[in-house]
Amino acid sequence: TVEVNGQKHTAKYICVATGGRAQRLPIPGCDLDGVLTSDEALALPKKPEKLVVVGGGYIAVEFAGFFHGYGTEVHLVFRQDKPLRGFDEDVREHLLELTKAKGIHVHSGENPLSIEEADGKLKFKTDKGTELLVDNVMFATGRKPSSQDLGLEDVGVKTDPKSGKIIVDEFSRTNVESIFAIGDVTDRIQLTPVALMEGMAMAKTMFSEEPGKPD
């Protein structure tokens, strides 16, 4: 049973697909005006002339390319030596070369230290001594599952105490037999096509005689 705005809805199965929310690194200045995440990046009132993107994952690289394509001077900052940690090494190396060749400024092996207000701009500093005066700083440093305040603990659904992700089996079923979870709230592979595939497999498990699992 799920309660929404005081009204209760009862069903044979419940699917939790509440997604995740972007995280900011807890450094000084992370909450200043002009500091944003990928959740707000497409709602900016105007194009930044100069932008720092923090992160080396596919969201960071995607947004760096997006803003660069619109004429923004983009600085991509990440702590690894190459972007896309966990991907094929040849792909990572090739992407790094292409990113630099396009004119995106790459600061690899650097960690952000602080962000300060400076004459209507933001001063971004790293542990390698880099200082950049920019219009905006965008964090693309991971997403946290949105599993809080759903009452999951009241019905015994297990979540990871550190990340908050809902723990599921290969069929997207939680430890409570009638409750499933798919998408970013399970913190598996955070991609839209993956969530769609999980949803189709889950529906097969729920409503057909043969259970389905994401491949």
# chains A, B, ... in the order shown; residues from 1 in each chain; ligands from 1
>>> residues_around(residues="range 38-46 of chain A", least_positions_apart="4", cutoff="8 Å", atoms="only C-alpha atoms", output="JSON list (two decimals) with N, CA, C and O atoms, in the first residue's frame")
[["chain", "number", "residue", "atom", "x", "y", "z"],
["A", 21, "ARG", "N", 19.66, 12.01, -7.45],
["A", 21, "ARG", "CA", 19.90, 13.45, -7.54],
["A", 21, "ARG", "C", 21.40, 13.69, -7.58],
["A", 21, "ARG", "O", 22.19, 12.98, -6.97],
["A", 22, "ALA", "N", 21.77, 14.72, -8.32],
["A", 22, "ALA", "CA", 23.19, 15.03, -8.49],
["A", 22, "ALA", "C", 23.79, 15.51, -7.18],
["A", 22, "ALA", "O", 23.13, 16.17, -6.37],
["A", 59, "ILE", "N", 28.62, 12.05, -17.88],
["A", 59, "ILE", "CA", 27.81, 13.26, -17.75],
["A", 59, "ILE", "C", 28.69, 14.50, -17.85],
["A", 59, "ILE", "O", 28.36, 15.47, -18.54],
["A", 63, "PHE", "N", 28.40, 17.22, -20.98],
["A", 63, "PHE", "CA", 28.08, 18.64, -20.78],
["A", 63, "PHE", "C", 29.23, 19.54, -21.19],
["A", 63, "PHE", "O", 29.01, 20.66, -21.67],
["A", 138, "MET", "N", 30.13, 23.73, -12.62],
["A", 138, "MET", "CA", 29.15, 22.64, -12.66],
["A", 138, "MET", "C", 29.76, 21.36, -12.12],
["A", 138, "MET", "O", 30.79, 20.90, -12.61],
["A", 139, "PHE", "N", 29.12, 20.81, -11.10],
["A", 139, "PHE", "CA", 29.56, 19.52, -10.57],
["A", 139, "PHE", "C", 28.87, 18.39, -11.32],
["A", 139, "PHE", "O", 27.65, 18.36, -11.45],
["A", 140, "ALA", "N", 29.67, 17.46, -11.83],
["A", 140, "ALA", "CA", 29.16, 16.22, -12.41],
["A", 140, "ALA", "C", 29.92, 15.09, -11.73],
["A", 140, "ALA", "O", 30.67, 14.34, -12.35]]
>>> select_by_dssp(residues="range 5-208 of chain A", states="strand (DSSP E)", output="PyMOL selection string")
chain A and resi 7-9+14-16+20-22+35-37+50-54+73-78+105-108+112-118+121-126+131-134+136-139+143-145+179-181
>>> residues_around(residues="Gln148 in chain A", least_positions_apart="2", cutoff="10 Å", atoms="only C-alpha atoms", output="list of chain:residue names")
A:Thr18, A:Pro145, A:Ser146, A:Leu150, A:Gly151, A:Leu152, A:Glu153, A:Thr159, A:Gly164, A:Lys165
>>> write_last_selection(atoms="C-alpha atoms", output="compact mmCIF listing (two decimals), in the first residue's frame")
# COMPACT_ATOMS: atom_id res chain seq x y z
CA THR A 18 12.42 7.59 -7.89
CA PRO A 145 19.77 7.46 -5.02
CA SER A 146 16.54 9.18 -3.97
CA LEU A 150 9.61 6.90 1.23
CA GLY A 151 8.85 4.73 4.25
CA LEU A 152 10.97 1.88 2.91
CA GLU A 153 12.30 1.07 6.35
CA THR A 159 18.95 -0.14 1.45
CA GLY A 164 21.17 4.80 0.16
CA LYS A 165 20.64 2.60 -2.90
>>> closest_residue(among="A:Asp127, A:Asp215, A:Glu93, A:Glu62", to="Ser172 in chain A", atoms="only C-alpha atoms")
A:Asp215
>>> atom_distance(atom1="CA of Lys144 in chain A", atom2="CA of Ala203 in chain A")
25.0 Å
>>> residues_around(residues="Ile167 in chain A", least_positions_apart="4", cutoff="12 Å", atoms="only C-alpha atoms", output="PyMOL selection string")
chain A and resi 16+145+147+152+156-163+171-176+179-188
>>> residues_around(residues="Pro211 in chain A", least_positions_apart="6", cutoff="8 Å", atoms="only C-alpha atoms", output="number ranges by chain")
A: 171, 201-202, 204-205
>>> write_last_selection(atoms="N, CA, C and O atoms", output="PDB file, in the first residue's frame")
ATOM      1  N   PHE A 171      16.419  -9.805 -10.719  1.00  0.00           N
ATOM      2  CA  PHE A 171      15.122  -9.523 -11.325  1.00  0.00           C
ATOM      3  C   PHE A 171      14.552  -8.179 -10.877  1.00  0.00           C
ATOM      4  O   PHE A 171      13.360  -7.911 -11.055  1.00  0.00           O
ATOM      5  N   ALA A 201      12.048  -5.719 -18.329  1.00  0.00           N
ATOM      6  CA  ALA A 201      12.308  -7.026 -17.720  1.00  0.00           C
ATOM      7  C   ALA A 201      11.451  -7.218 -16.467  1.00  0.00           C
ATOM      8  O   ALA A 201      10.928  -8.308 -16.209  1.00  0.00           O
ATOM      9  N   MET A 202      11.300  -6.149 -15.685  1.00  0.00           N
ATOM     10  CA  MET A 202      10.494  -6.227 -14.467  1.00  0.00           C
ATOM     11  C   MET A 202       9.029  -6.519 -14.804  1.00  0.00           C
ATOM     12  O   MET A 202       8.370  -7.330 -14.139  1.00  0.00           O
ATOM     13  N   LYS A 204       7.922  -8.106 -17.319  1.00  0.00           N
ATOM     14  CA  LYS A 204       7.844  -9.507 -17.713  1.00  0.00           C
ATOM     15  C   LYS A 204       7.787 -10.404 -16.481  1.00  0.00           C
ATOM     16  O   LYS A 204       7.013 -11.379 -16.426  1.00  0.00           O
ATOM     17  N   THR A 205       8.579 -10.076 -15.472  1.00  0.00           N
ATOM     18  CA  THR A 205       8.581 -10.855 -14.233  1.00  0.00           C
ATOM     19  C   THR A 205       7.233 -10.760 -13.526  1.00  0.00           C
ATOM     20  O   THR A 205       6.704 -11.755 -13.017  1.00  0.00           O
TER      21      THR A 205
END
